[in-house]
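*Asks:* So that you have it, the file is target05.cif, and it contains mmCIF, C-alpha atoms (C1' of nucleotides):
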```
data_upload
#
loop_
_atom_site.label_atom_id
_atom_site.label_comp_id
_atom_site.auth_asym_id
_atom_site.auth_seq_id
_atom_site.Cartn_x
_atom_site.Cartn_y
_atom_site.Cartn_z
CA MET E 1 -12.07 -6.52 113.24
CA LEU E 2 -11.01 -3.36 111.56
CA SER E 3 -8.91 -3.02 108.47
CA ILE E 4 -7.29 0.22 107.52
CA TYR E 5 -5.77 1.37 104.29
CA ASN E 6 -2.24 2.33 105.21
CA THR E 7 -0.68 4.93 102.96
CA LEU E 8 2.74 3.84 104.12
CA THR E 9 2.41 0.30 102.81
CA ARG E 10 -0.26 1.02 100.19
CA LYS E 11 -2.24 -1.89 101.44
CA LYS E 12 -5.30 -2.58 103.45
CA GLU E 13 -4.12 -3.97 106.75
CA ILE E 14 -5.86 -5.51 109.68
CA PHE E 15 -5.64 -3.06 112.53
CA GLU E 16 -3.58 -4.21 115.46
CA PRO E 17 -2.71 -1.62 118.08
CA ILE E 18 0.83 -1.34 119.35
CA HIS E 19 -0.35 -1.78 122.91
CA PRO E 20 -3.24 -4.15 123.25
CA SER E 21 -6.41 -2.38 124.30
CA HIS E 22 -5.00 1.12 123.87
CA VAL E 23 -5.00 3.19 120.70
CA GLY E 24 -3.20 6.45 120.03
CA MET E 25 -4.54 8.54 117.21
CA TYR E 26 -3.31 11.88 115.93
CA VAL E 27 -5.07 13.96 113.32
CA CYS E 28 -3.91 17.14 111.64
CA GLY E 29 -6.32 19.85 112.69
CA PRO E 30 -7.13 23.25 111.25
CA THR E 31 -5.06 26.32 110.71
CA VAL E 32 -7.07 28.87 112.57
CA TYR E 33 -6.94 32.00 110.51
CA GLY E 34 -10.27 31.58 108.75
CA ASP E 35 -13.61 29.88 108.90
CA ALA E 36 -13.70 26.13 108.69
CA HIS E 37 -15.07 24.82 105.43
CA LEU E 38 -16.44 21.58 104.06
CA GLY E 39 -12.98 20.14 103.71
CA HIS E 40 -12.31 20.50 107.39
CA ALA E 41 -15.60 18.86 108.10
CA ARG E 42 -14.75 15.91 105.94
CA ALA E 43 -11.51 15.24 107.73
CA ALA E 44 -13.11 15.74 111.10
CA ILE E 45 -15.99 13.43 110.29
CA THR E 46 -13.73 10.78 108.84
CA PHE E 47 -11.71 10.50 112.00
CA ASP E 48 -14.63 11.11 114.31
CA LEU E 49 -16.12 7.98 112.83
CA LEU E 50 -12.92 6.06 113.32
CA TYR E 51 -12.63 7.34 116.88
CA ARG E 52 -16.14 6.21 117.69
CA TYR E 53 -15.66 2.86 116.04
CA LEU E 54 -12.43 2.16 117.90
CA LYS E 55 -14.16 2.97 121.14
CA TYR E 56 -17.04 0.77 120.14
CA LEU E 57 -14.59 -2.05 119.59
CA GLY E 58 -13.59 -1.62 123.20
CA TYR E 59 -10.26 0.14 122.85
CA LYS E 60 -9.23 2.90 125.14
CA VAL E 61 -8.52 5.60 122.64
CA ARG E 62 -6.58 8.81 122.97
CA TYR E 63 -7.51 11.12 120.16
CA VAL E 64 -5.24 14.11 119.65
CA ARG E 65 -6.02 16.82 117.16
CA ASN E 66 -3.90 19.92 116.97
CA ILE E 67 -4.68 23.57 116.40
CA THR E 68 -2.15 25.25 114.18
CA ASP E 69 -1.79 28.79 115.34
CA VAL E 70 1.78 29.80 114.62
CA GLY E 71 3.56 31.10 111.60
CA HIS E 72 3.13 29.19 108.44
CA LEU E 73 4.08 30.38 105.05
CA GLU E 74 1.45 31.78 102.80
CA ASN E 75 2.27 31.78 99.11
CA ASP E 76 4.92 32.89 96.72
CA ALA E 77 3.69 36.44 96.63
CA ASP E 78 4.39 37.08 100.25
CA ALA E 79 6.58 34.18 101.10
CA GLY E 80 7.99 34.15 104.56
CA GLU E 81 5.14 36.00 106.08
CA ASP E 82 3.20 34.61 108.92
CA LYS E 83 -0.34 33.95 107.82
CA ILE E 84 -1.87 34.81 111.09
CA GLY E 85 0.31 37.85 111.44
CA LYS E 86 -0.74 39.12 108.08
CA ARG E 87 -4.38 38.77 108.77
CA ALA E 88 -3.96 40.47 112.09
CA ARG E 89 -2.28 43.49 110.60
CA LEU E 90 -5.10 43.87 108.15
CA GLU E 91 -7.68 43.84 110.85
CA GLU E 92 -5.51 45.64 113.36
CA ILE E 93 -6.01 43.29 116.21
CA GLU E 94 -3.84 40.94 118.15
CA PRO E 95 -2.79 37.77 116.35
CA MET E 96 -3.94 35.72 119.25
CA GLU E 97 -7.32 37.35 118.98
CA ILE E 98 -7.69 36.01 115.48
CA VAL E 99 -6.52 32.63 116.60
CA GLN E 100 -9.01 32.61 119.42
CA ARG E 101 -11.88 33.76 117.26
CA TYR E 102 -11.43 31.13 114.60
CA THR E 103 -10.69 28.45 117.13
CA ASN E 104 -14.03 29.26 118.70
CA HIS E 105 -15.71 29.17 115.32
CA TYR E 106 -14.14 25.84 114.61
CA HIS E 107 -15.33 24.39 117.87
CA ALA E 108 -18.82 25.70 117.29
CA ASN E 109 -18.90 24.17 113.82
CA MET E 110 -17.69 20.84 115.09
CA ALA E 111 -20.35 20.87 117.77
CA GLN E 112 -22.99 21.64 115.18
CA LEU E 113 -21.88 18.62 113.25
CA GLY E 114 -22.17 16.48 116.32
CA MET E 115 -18.49 15.71 116.49
CA LEU E 116 -16.93 14.26 119.60
CA SER E 117 -14.15 16.41 120.97
CA PRO E 118 -10.63 15.09 120.80
CA ASP E 119 -9.16 14.01 124.10
CA ILE E 120 -6.32 16.45 123.73
CA GLU E 121 -6.28 19.48 121.47
CA PRO E 122 -2.80 20.95 121.68
CA HIS E 123 -1.92 24.34 120.28
CA ALA E 124 1.31 24.81 118.40
CA SER E 125 1.85 28.13 120.14
CA GLY E 126 1.74 26.37 123.47
CA HIS E 127 4.58 24.05 122.53
CA ILE E 128 7.27 26.40 121.34
CA ILE E 129 9.76 25.16 123.91
CA GLU E 130 9.13 21.56 123.02
CA GLN E 131 9.56 22.33 119.38
CA GLN E 132 12.87 23.98 120.06
CA GLN E 133 13.96 20.97 122.06
CA PHE E 134 12.95 18.71 119.23
CA ALA E 135 14.91 20.77 116.74
CA LYS E 136 17.87 20.70 119.07
CA LYS E 137 17.70 16.95 119.20
CA ILE E 138 17.73 16.73 115.45
CA LEU E 139 20.70 19.08 115.39
CA GLU E 140 22.52 16.97 117.93
CA ASN E 141 21.84 13.86 115.92
CA GLY E 142 23.41 15.57 112.96
CA TYR E 143 20.41 15.78 110.71
CA ALA E 144 20.05 19.53 110.73
CA TYR E 145 22.23 22.57 110.38
CA GLU E 146 22.03 26.17 111.47
CA MET E 147 22.34 28.98 109.00
CA ASN E 148 21.94 32.67 109.81
CA GLY E 149 19.69 32.03 112.76
CA SER E 150 17.54 29.47 111.01
CA VAL E 151 17.70 25.73 111.42
CA TYR E 152 17.17 23.49 108.43
CA PHE E 153 16.65 19.81 108.12
CA ASP E 154 19.38 18.10 106.13
CA VAL E 155 17.35 15.91 103.84
CA GLU E 156 20.23 14.51 101.90
CA LYS E 157 22.10 13.39 104.97
CA TYR E 158 18.96 11.89 106.40
CA ASN E 159 18.32 10.06 103.17
CA ARG E 160 21.71 8.40 103.35
CA LYS E 161 20.62 6.42 106.36
CA TYR E 162 16.84 6.49 106.11
CA HIS E 163 14.44 6.89 103.27
CA TYR E 164 13.07 10.33 102.59
CA GLY E 165 10.06 9.84 100.32
CA LYS E 166 8.86 6.53 101.60
CA LEU E 167 5.39 7.80 102.36
CA SER E 168 4.73 9.78 99.22
CA GLY E 169 6.68 7.55 96.88
CA ARG E 170 9.01 10.28 95.76
CA LYS E 171 12.63 10.07 94.81
CA LEU E 172 15.04 12.63 96.10
CA GLU E 173 16.50 13.42 92.70
CA ASP E 174 13.06 14.23 91.34
CA LEU E 175 12.50 16.71 94.12
CA ILE E 176 15.33 18.98 93.16
CA THR E 177 13.46 20.40 90.22
CA ASN E 178 10.10 20.49 91.89
CA THR E 179 10.72 22.65 94.90
CA ARG E 180 9.14 26.02 95.08
CA GLU E 181 11.14 29.18 95.47
CA LEU E 182 11.11 30.41 99.01
CA GLU E 183 12.86 33.13 100.82
CA GLY E 184 15.99 31.78 102.39
CA GLN E 185 16.43 29.29 99.63
CA LYS E 186 20.03 30.31 99.21
CA GLU E 187 20.93 29.54 102.77
CA LYS E 188 19.81 25.97 102.43
CA LYS E 189 22.23 23.29 101.36
CA ASN E 190 19.62 21.81 99.10
CA PRO E 191 16.34 23.16 97.85
CA TYR E 192 14.37 20.30 99.38
CA ASP E 193 15.67 21.01 102.87
CA PHE E 194 12.99 22.42 105.12
CA ALA E 195 13.02 24.69 108.13
CA LEU E 196 12.83 23.51 111.71
CA TRP E 197 13.28 27.02 113.01
CA LYS E 198 13.00 30.16 110.98
CA LYS E 199 14.51 33.49 111.86
CA MET E 200 11.85 36.16 111.78
CA THR E 201 11.78 38.76 109.08
CA PRO E 202 10.97 42.37 109.95
CA GLY E 203 7.23 42.82 110.28
CA HIS E 204 6.61 39.28 111.27
CA ILE E 205 4.30 39.42 114.21
CA MET E 206 4.35 36.05 115.87
CA HIS E 207 7.81 35.20 117.08
CA TRP E 208 9.63 33.75 120.02
CA PRO E 209 13.17 33.76 121.34
CA SER E 210 15.31 30.70 120.69
CA PRO E 211 18.95 29.67 120.93
CA TRP E 212 19.30 30.48 117.23
CA SER E 213 17.31 33.63 116.72
CA GLU E 214 14.11 35.46 117.40
CA GLY E 215 11.80 33.56 115.14
CA TYR E 216 9.19 30.87 114.77
CA PRO E 217 9.06 27.10 114.38
CA GLY E 218 9.13 25.37 111.02
CA TRP E 219 6.00 24.32 109.24
CA HIS E 220 6.06 20.63 110.02
CA LEU E 221 7.60 20.50 113.43
CA GLU E 222 4.55 20.92 115.63
CA CYS E 223 2.95 17.66 114.56
CA SER E 224 6.07 15.60 115.21
CA VAL E 225 6.44 17.23 118.57
CA MET E 226 2.89 17.17 119.84
CA SER E 227 2.06 13.72 118.56
CA THR E 228 4.99 12.06 120.24
CA ARG E 229 4.58 14.15 123.34
CA TYR E 230 1.04 13.02 123.95
CA LEU E 231 1.02 9.61 122.32
CA GLY E 232 4.55 8.41 122.82
CA GLU E 233 7.42 7.81 120.46
CA LYS E 234 5.41 5.14 118.74
CA PHE E 235 1.73 5.42 118.21
CA ASP E 236 -0.93 3.81 116.09
CA ILE E 237 -2.71 6.14 113.74
CA HIS E 238 -1.90 9.43 112.11
CA GLY E 239 -4.54 10.98 109.92
CA GLY E 240 -5.09 14.01 107.77
CA GLY E 241 -6.12 15.22 104.36
CA MET E 242 -4.52 13.86 101.24
CA ASP E 243 -3.06 17.23 100.48
CA LEU E 244 -0.87 16.91 103.54
CA LEU E 245 0.78 13.74 102.35
CA PHE E 246 3.61 15.64 100.81
CA PRO E 247 5.50 17.48 102.00
CA HIS E 248 3.95 17.78 105.45
CA HIS E 249 3.72 14.16 106.50
CA GLU E 250 6.83 13.14 104.68
CA CYS E 251 8.74 15.76 106.64
CA GLU E 252 7.10 14.67 109.84
CA ILE E 253 8.37 11.16 109.38
CA ALA E 254 11.84 12.47 108.68
CA GLN E 255 11.83 14.74 111.72
CA SER E 256 10.60 12.10 114.11
CA THR E 257 12.96 9.50 112.78
CA ALA E 258 15.89 11.89 112.90
CA ALA E 259 15.11 12.91 116.45
CA LEU E 260 14.04 9.62 117.92
CA GLY E 261 15.92 7.15 115.78
CA THR E 262 12.73 5.31 115.06
CA GLU E 263 9.59 5.83 113.10
CA SER E 264 6.58 6.89 115.10
CA VAL E 265 3.48 6.06 113.15
CA LYS E 266 2.13 2.61 112.38
CA TYR E 267 -0.86 3.48 110.22
CA TRP E 268 -1.02 6.56 108.05
CA MET E 269 -4.49 7.48 106.86
CA HIS E 270 -5.42 10.13 104.34
CA ASN E 271 -8.90 11.24 103.51
CA ASN E 272 -9.56 12.38 99.98
CA LEU E 273 -10.51 15.95 99.20
CA ILE E 274 -13.72 17.72 98.38
CA THR E 275 -13.85 19.32 94.99
CA ILE E 276 -16.17 21.95 93.70
CA ASN E 277 -16.72 22.13 89.98
CA GLY E 278 -13.83 19.82 89.51
CA GLN E 279 -11.42 21.83 91.57
CA LYS E 280 -10.13 21.27 95.03
CA MET E 281 -11.95 23.21 97.70
CA GLY E 282 -9.39 25.26 99.52
CA LYS E 283 -9.17 28.28 101.70
CA SER E 284 -6.60 29.97 99.56
CA LEU E 285 -8.38 29.11 96.34
CA GLY E 286 -11.35 31.19 97.34
CA ASN E 287 -13.86 28.52 96.41
CA ALA E 288 -14.48 27.14 99.84
CA ILE E 289 -17.95 26.89 101.24
CA SER E 290 -17.70 27.47 104.93
CA LEU E 291 -19.53 25.45 107.50
CA ASN E 292 -21.35 28.55 108.60
CA GLU E 293 -22.74 28.94 105.11
CA ILE E 294 -23.87 25.36 105.10
CA ARG E 295 -25.43 25.99 108.42
CA PHE E 296 -27.37 28.78 106.84
CA PHE E 297 -28.73 26.52 104.15
CA GLN E 298 -29.65 23.87 106.57
CA GLU E 299 -31.69 26.30 108.54
CA ALA E 300 -33.24 27.94 105.55
CA ILE E 301 -34.05 24.85 103.54
CA HIS E 302 -33.16 21.84 105.52
CA TYR E 303 -33.85 19.16 102.97
CA LEU E 304 -31.17 20.49 100.68
CA LYS E 305 -28.49 18.82 102.67
CA ARG E 306 -27.63 16.51 99.89
CA LEU E 307 -26.88 19.26 97.50
CA MET E 308 -23.59 20.30 98.82
CA ILE E 309 -21.97 19.31 95.60
CA LEU E 310 -23.42 22.18 93.66
CA CYS E 311 -22.35 21.03 90.28
CA PRO E 312 -24.45 22.07 87.31
CA SER E 313 -25.08 18.54 86.21
CA VAL E 314 -26.60 17.28 89.38
CA PHE E 315 -29.63 19.38 89.92
CA LEU E 316 -31.47 18.57 86.75
CA SER E 317 -31.78 14.94 87.63
CA PHE E 318 -34.06 15.45 90.53
CA ARG E 319 -37.64 16.26 91.00
CA HIS E 320 -36.91 18.90 93.56
CA THR E 321 -36.08 21.28 90.83
CA THR E 322 -37.38 24.23 92.69
CA ALA E 323 -35.49 23.59 95.83
CA VAL E 324 -32.32 22.66 94.13
CA LEU E 325 -32.24 25.71 92.05
CA LEU E 326 -32.82 27.92 94.97
CA THR E 327 -29.49 26.81 96.26
CA PHE E 328 -28.02 27.01 92.88
CA GLN E 329 -29.17 30.52 92.40
CA THR E 330 -27.80 31.70 95.66
CA ARG E 331 -24.55 30.09 94.88
CA GLN E 332 -24.46 31.17 91.32
CA TYR E 333 -21.46 33.36 91.69
CA ARG E 334 -19.41 30.36 92.53
CA LEU E 335 -20.00 28.76 89.18
CA ARG E 336 -17.69 30.18 86.65
CA LYS E 337 -19.10 31.08 83.28
CA LYS E 338 -16.42 29.04 81.68
CA ASP E 339 -17.81 25.89 83.20
CA TRP E 340 -21.09 26.53 81.53
CA ASN E 341 -19.67 27.35 78.18
CA ASP E 342 -17.29 24.46 78.07
CA TYR E 343 -19.25 21.83 79.81
CA GLY E 344 -22.73 22.81 80.87
CA ARG E 345 -23.94 23.83 77.48
CA GLU E 346 -22.74 20.78 75.71
CA TRP E 347 -24.13 18.64 78.41
CA LEU E 348 -27.49 20.31 78.43
CA CYS E 349 -27.67 19.75 74.73
CA SER E 350 -27.61 16.02 75.16
CA THR E 351 -30.28 16.02 77.82
CA GLY E 352 -32.85 17.78 75.76
CA LEU E 353 -33.17 20.58 78.25
CA PRO E 354 -33.26 24.23 77.32
CA LEU E 355 -30.07 25.93 76.36
CA HIS E 356 -29.88 28.93 78.56
CA PRO E 357 -27.05 30.36 80.55
CA PRO E 358 -27.63 29.98 84.27
CA GLY E 359 -28.99 33.43 84.72
CA ARG E 360 -31.92 32.81 82.45
CA LEU E 361 -32.23 29.14 83.08
CA MET E 362 -32.97 29.73 86.68
CA PRO E 363 -36.36 31.39 86.60
CA LEU E 364 -37.51 28.99 83.93
CA LEU E 365 -36.78 25.92 85.90
CA LEU E 366 -38.27 27.42 88.99
CA ASN E 367 -41.63 27.22 87.29
CA ARG E 368 -41.10 23.59 86.48
CA LYS E 369 -41.59 21.68 83.38
CA ALA E 370 -44.36 23.54 81.70
CA SER E 371 -42.70 26.85 81.40
CA MET E 372 -39.46 25.17 80.66
CA ARG E 373 -40.91 23.77 77.53
CA LEU E 374 -42.52 26.94 76.44
CA MET E 375 -39.35 28.84 76.75
CA MET E 376 -37.28 26.42 74.81
CA ILE E 377 -35.51 27.78 71.80
"C1'" G C 1 6.83 11.25 87.72
"C1'" G C 2 4.20 10.21 92.73
"C1'" U C 3 -0.65 9.56 95.58
"C1'" C C 4 -5.81 8.65 95.54
"C1'" G C 5 -10.28 8.10 93.10
"C1'" G C 6 -13.86 7.17 89.16
"C1'" U C 7 -15.89 4.36 84.53
"C1'" U C 8 -23.76 1.92 85.54
"C1'" G C 9 -29.11 2.14 79.95
"C1'" G C 10 -30.11 9.03 75.63
"C1'" C C 11 -28.73 12.14 80.38
"C1'" C C 12 -28.13 12.08 85.71
"C1'" G C 13 -27.74 8.89 89.76
"C1'" A C 14 -28.39 4.85 93.82
"C1'" G C 15 -26.42 0.35 94.63
"C1'" U C 16 -20.18 -2.91 98.38
"C1'" G C 17 -22.21 -11.19 96.73
"C1'" G C 18 -28.30 -13.45 95.23
"C1'" U C 19 -35.53 -9.32 94.43
"C1'" U C 20 -36.64 -4.58 88.17
"C1'" A C 21 -33.45 1.62 92.74
"C1'" G C 22 -35.14 6.29 91.37
"C1'" G C 23 -35.43 10.70 88.39
"C1'" C C 24 -35.18 13.46 83.69
"C1'" A C 25 -35.57 12.73 78.46
"C1'" A C 26 -37.75 9.33 74.71
"C1'" C C 27 -41.72 6.19 72.90
"C1'" G C 28 -46.96 4.25 73.26
"C1'" G C 29 -51.62 5.17 75.61
"C1'" U C 30 -55.71 7.54 78.82
"C1'" C C 31 -57.73 12.27 79.19
"C1'" U C 32 -58.52 16.64 76.39
"C1'" G C 33 -61.66 21.02 71.00
"C1'" C C 34 -55.82 21.47 69.90
"C1'" A C 35 -51.70 21.76 73.06
"C1'" A C 36 -49.65 21.70 77.95
"C1'" A C 37 -50.28 19.46 82.65
"C1'" A C 38 -51.76 14.96 85.02
"C1'" C C 39 -52.13 9.68 85.00
"C1'" C C 40 -50.91 4.50 82.99
"C1'" G C 41 -47.42 1.55 80.36
"C1'" U C 42 -42.52 0.57 77.83
"C1'" G C 43 -35.95 0.37 78.67
"C1'" U C 44 -32.73 -6.08 81.99
"C1'" A C 45 -27.45 -1.20 81.88
"C1'" C C 46 -23.15 -1.88 84.88
"C1'" A C 47 -15.43 0.18 80.50
"C1'" G C 48 -12.54 -4.47 78.61
"C1'" C C 49 -10.09 -9.14 79.81
"C1'" G C 50 -9.00 -12.81 83.39
"C1'" G C 51 -9.70 -14.86 88.44
"C1'" U C 52 -12.39 -16.17 93.29
"C1'" U C 53 -17.58 -18.03 94.13
"C1'" C C 54 -23.13 -22.23 93.61
"C1'" G C 55 -23.78 -17.03 92.29
"C1'" A C 56 -20.22 -10.43 91.03
"C1'" A C 57 -22.11 -4.03 88.85
"C1'" U C 58 -20.55 -5.37 93.90
"C1'" C C 59 -14.34 -9.16 95.93
"C1'" C C 60 -9.03 -9.88 93.56
"C1'" G C 61 -5.55 -8.97 89.32
"C1'" C C 62 -4.28 -6.75 84.68
"C1'" U C 63 -5.48 -3.22 80.61
"C1'" A C 64 -7.81 1.16 78.68
"C1'" C C 65 -9.81 5.75 79.33
"C1'" C C 66 -11.36 10.08 82.72
"C1'" G C 67 -10.46 13.10 87.06
"C1'" A C 68 -8.51 15.31 91.58
"C1'" C C 69 -4.22 16.19 94.47
"C1'" C C 70 1.15 16.66 94.85
"C1'" U C 71 2.75 25.14 97.18
"C1'" C C 72 0.21 27.23 103.15
"C1'" C C 73 -3.88 23.80 102.65
"C1'" A C 74 -8.48 18.90 105.71
#
```
In structure tokens, what does this structure look like?
*Replies:*
Amino acid sequence: MLSIYNTLTRKKEIFEPIHPSHVGMYVCGPTVYGDAHLGHARAAITFDLLYRYLKYLGYKVRYVRNITDVGHLENDADAGEDKIGKRARLEEIEPMEIVQRYTNHYHANMAQLGMLSPDIEPHASGHIIEQQQFAKKILENGYAYEMNGSVYFDVEKYNRKYHYGKLSGRKLEDLITNTRELEGQKEKKNPYDFALWKKMTPGHIMHWPSPWSEGYPGWHLECSVMSTRYLGEKFDIHGGGMDLLFPHHECEIAQSTAALGTESVKYWMHNNLITINGQKMGKSLGNAISLNEIRFFQEAIHYLKRLMILCPSVFLSFRHTTAVLLTFQTRQYRLRKKDWNDYGREWLCSTGLPLHPPGRLMPLLLNRKASMRLMMI
RNA sequence: GGUCGGUUGGCCGAGUGGUUAGGCAACGGUCUGCAAAACCGUGUACAGCGGUUCGAAUCCGCUACCGACCUCCA
């Protein structure tokens, strides 16, 4: 027996597949414009475990995990720009070259971690037609509208019949104030509407022809499309990181429901995030430790595996002071001074350990207790 | 506001129904010319309230704090 915490119902439920003996499972995979980091590993491991366990239980499982390799928005500074395109211009190579490189890296990392491969690993760029068809279907069903070559999802209309916000627990009226400013905001009926197809802006590298414009698919469409394509209109499990809960998965539900008239996913699962020094580890936050870096540590000092947390409070509790601090020292630049001033110092005070900033603390502790004492203030 | 977590003895940190986890610090001792090191010994803690159970840190509920996330993001 397997019970699963279902984000949709906010309850732990006993797992019962839609079709006896078969399980369909879709997991949001990486955006391949950079090295995979610990966060990717966590998601992969979480669902690798589930995949193995389901198979162990005797189910025939189809595990689908996508590769996101088409235009997604970056941030407010350069909103509307294709991430992969941007990176490619900087390095002056083909966008698909970047995609290929990081896809390869990702696969290598997953192999290093002993992960089973998904049964199907669809690329968003390989399903442009299907995405257009899906958008068309939503248009036909009246839950989207075209504006200047872009197609937007009509959230308000959808919400009249269905419930937008059921997964994340949001209310539509609260969303009005909390939507970020994006290019093309004015052409939307409502700020919370999202794009199914976006007309390209000049300089945008990855784009495809469509009935509406030369452009690229919306940010959430690929998952709705590829999941239902390979697992059917109804399937069992959809997984991903907690940070995808809203808006990504919420929009996915809306898209699928609007297109198919029925909800697709039975169990929604969200793994929690990895934080570093109390902050989410994220590609764009610049605090991510990549799997290649971890690989380096494992090779250099294998027994440090446990120390991936790298928080100043942890290392002092262990005997392996020397080893721990080696890591710590190498990683020093990742610890912000502020953390030490606000937290580390005060904390060290209560432990009776020497009050030194990391730079000076390091060599002291490397020589273990004796010197530590001598150097105490 | 929404979602998910956490709260263990001076400080860290294991532990998912039934033997004292462990470490650091502290204290006492052995040793030592004095220290340090080393070694021996000493601490019955699980946020609060209620429930389930023969039995709960561990399961359920409520309360209180703390935290992460909610923008492309695993």
*Asks:* Go through C:C39, C:A57, C:C69, C:C31 one by one, measure the shortest atom-to-atom distance of each to C:A14 using only C-alpha atoms (C1' of nucleotides), and give the residue with the smallest value.
*Replies:*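 Using only C-alpha atoms (C1' of nucleotides), the shortest distance to C:A14 belongs to C:A57.
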*Asks:* Would you translate the PyMOL selection byres ((chain C) within 10 of (chain E)) into the concrete set of residues it matches in this file, as a PyMOL selection string?
*Replies:* chain C and resi 1-5+10-13+22-26+36-37+67-74
*Asks:* Go ahead and compute the interatomic distance for atom CA of E:His249 and atom CA of E:Asn104, in Å to one decimal.
*Replies:*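 Spanning atom CA of E:His249 to atom CA of E:Asn104 is a straight-line distance of 26.3 Å.
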*Asks:* I would like the residues chosen by the PyMOL selection byres ((chain E and resi 125) around 10) on the shown file; could you give them as a ChimeraX atom specification?
*Replies:* /E:67-71,96,122-124,126-129,131,206-208,216-217,222
*Asks:* Write the selection just made, keeping C-alpha atoms, as an mmCIF file, in the frame of the given file?
*Replies:*
```cif
data_model
loop_
_atom_site.group_PDB
_atom_site.id
_atom_site.type_symbol
_atom_site.label_atom_id
_atom_site.label_comp_id
_atom_site.auth_asym_id
_atom_site.auth_seq_id
_atom_site.Cartn_x
_atom_site.Cartn_y
_atom_site.Cartn_z
ATOM 1 C CA ILE E 67 -4.680 23.570 116.400
ATOM 2 C CA THR E 68 -2.150 25.250 114.180
ATOM 3 C CA ASP E 69 -1.790 28.790 115.340
ATOM 4 C CA VAL E 70 1.780 29.800 114.620
ATOM 5 C CA GLY E 71 3.560 31.100 111.600
ATOM 6 C CA MET E 96 -3.940 35.720 119.250
ATOM 7 C CA PRO E 122 -2.800 20.950 121.680
ATOM 8 C CA HIS E 123 -1.920 24.340 120.280
ATOM 9 C CA ALA E 124 1.310 24.810 118.400
ATOM 10 C CA GLY E 126 1.740 26.370 123.470
ATOM 11 C CA HIS E 127 4.580 24.050 122.530
ATOM 12 C CA ILE E 128 7.270 26.400 121.340
ATOM 13 C CA ILE E 129 9.760 25.160 123.910
ATOM 14 C CA GLN E 131 9.560 22.330 119.380
ATOM 15 C CA MET E 206 4.350 36.050 115.870
ATOM 16 C CA HIS E 207 7.810 35.200 117.080
ATOM 17 C CA TRP E 208 9.630 33.750 120.020
ATOM 18 C CA TYR E 216 9.190 30.870 114.770
ATOM 19 C CA PRO E 217 9.060 27.100 114.380
ATOM 20 C CA GLU E 222 4.550 20.920 115.630
#
```
*Asks:* Name the residues, using the chain letters and numbers of the file, that sit within 12 Å of (-24.6, -10.1, 88.2) when counting all atoms listed in the file, and give them as a ChimeraX atom specification.
*Replies:* /C:17-18,44-46,55-58
*Asks:* Given the PyMOL selection byres ((chain E and resi 197) around 10) and the file above, list the residues it selects as a count of residues only.
*Replies:* 26
*Asks:* Which residues are close to C:C40, i.e. within 12 Å by all atoms listed in the file, leaving aside same-chain residues fewer than 5 positions away? Reply as a list in words.
*Replies:*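 Counting all atoms listed in the file, the residues come to G28, G29, U30 and C31 of chain C.
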*Asks:* Find the spatial neighbours of E:Tyr63, counting only C-alpha atoms (C1' of nucleotides), within a cut-off of 10 Å - ignore same-chain residues fewer than 3 positions away - and output them as number ranges by chain.
*Replies:* E: 23-27, 47-48, 51, 60, 116-121, 230-231, 237-238
*Asks:* Which distance in Å separates atom CA of E:Tyr59 and atom CA of E:His19, to one decimal?
*Replies:*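 Rounded to one decimal, the two atoms are 10.1 Å apart.
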*Asks:* So which one's closest to E:Tyr53, E:Asn287, E:Thr262, E:Ser3, E:Gln100? Using all atoms listed in the file, please.
*Replies:* E:Ser3
*Asks:* Please identify all polymer residues lying at most 9 Å from the point (-3.5, -6.5, 83.0) (file coordinates), using only C-alpha atoms (C1' of nucleotides), and present the result as a list in words.
*Replies:*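 The residues near that point, listed by chain and number, are C49, G50, G61, C62 and U63 of chain C.
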*Asks:* Compile the contact shell of C:A64 as a list in words: residues with an atom at most 12 Å away, counting all atoms listed in the file, same-chain residues fewer than 5 positions apart removed.
*Replies:*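 With the cut-off at 12 Å, the set is U7, A47, G48 and C49 of chain C.
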*Asks:* If you measure from atom CA of E:Tyr102 to atom CA of E:Lys86, what distance in Å do you get, rounded to one decimal?
*Replies:* 14.9 Å
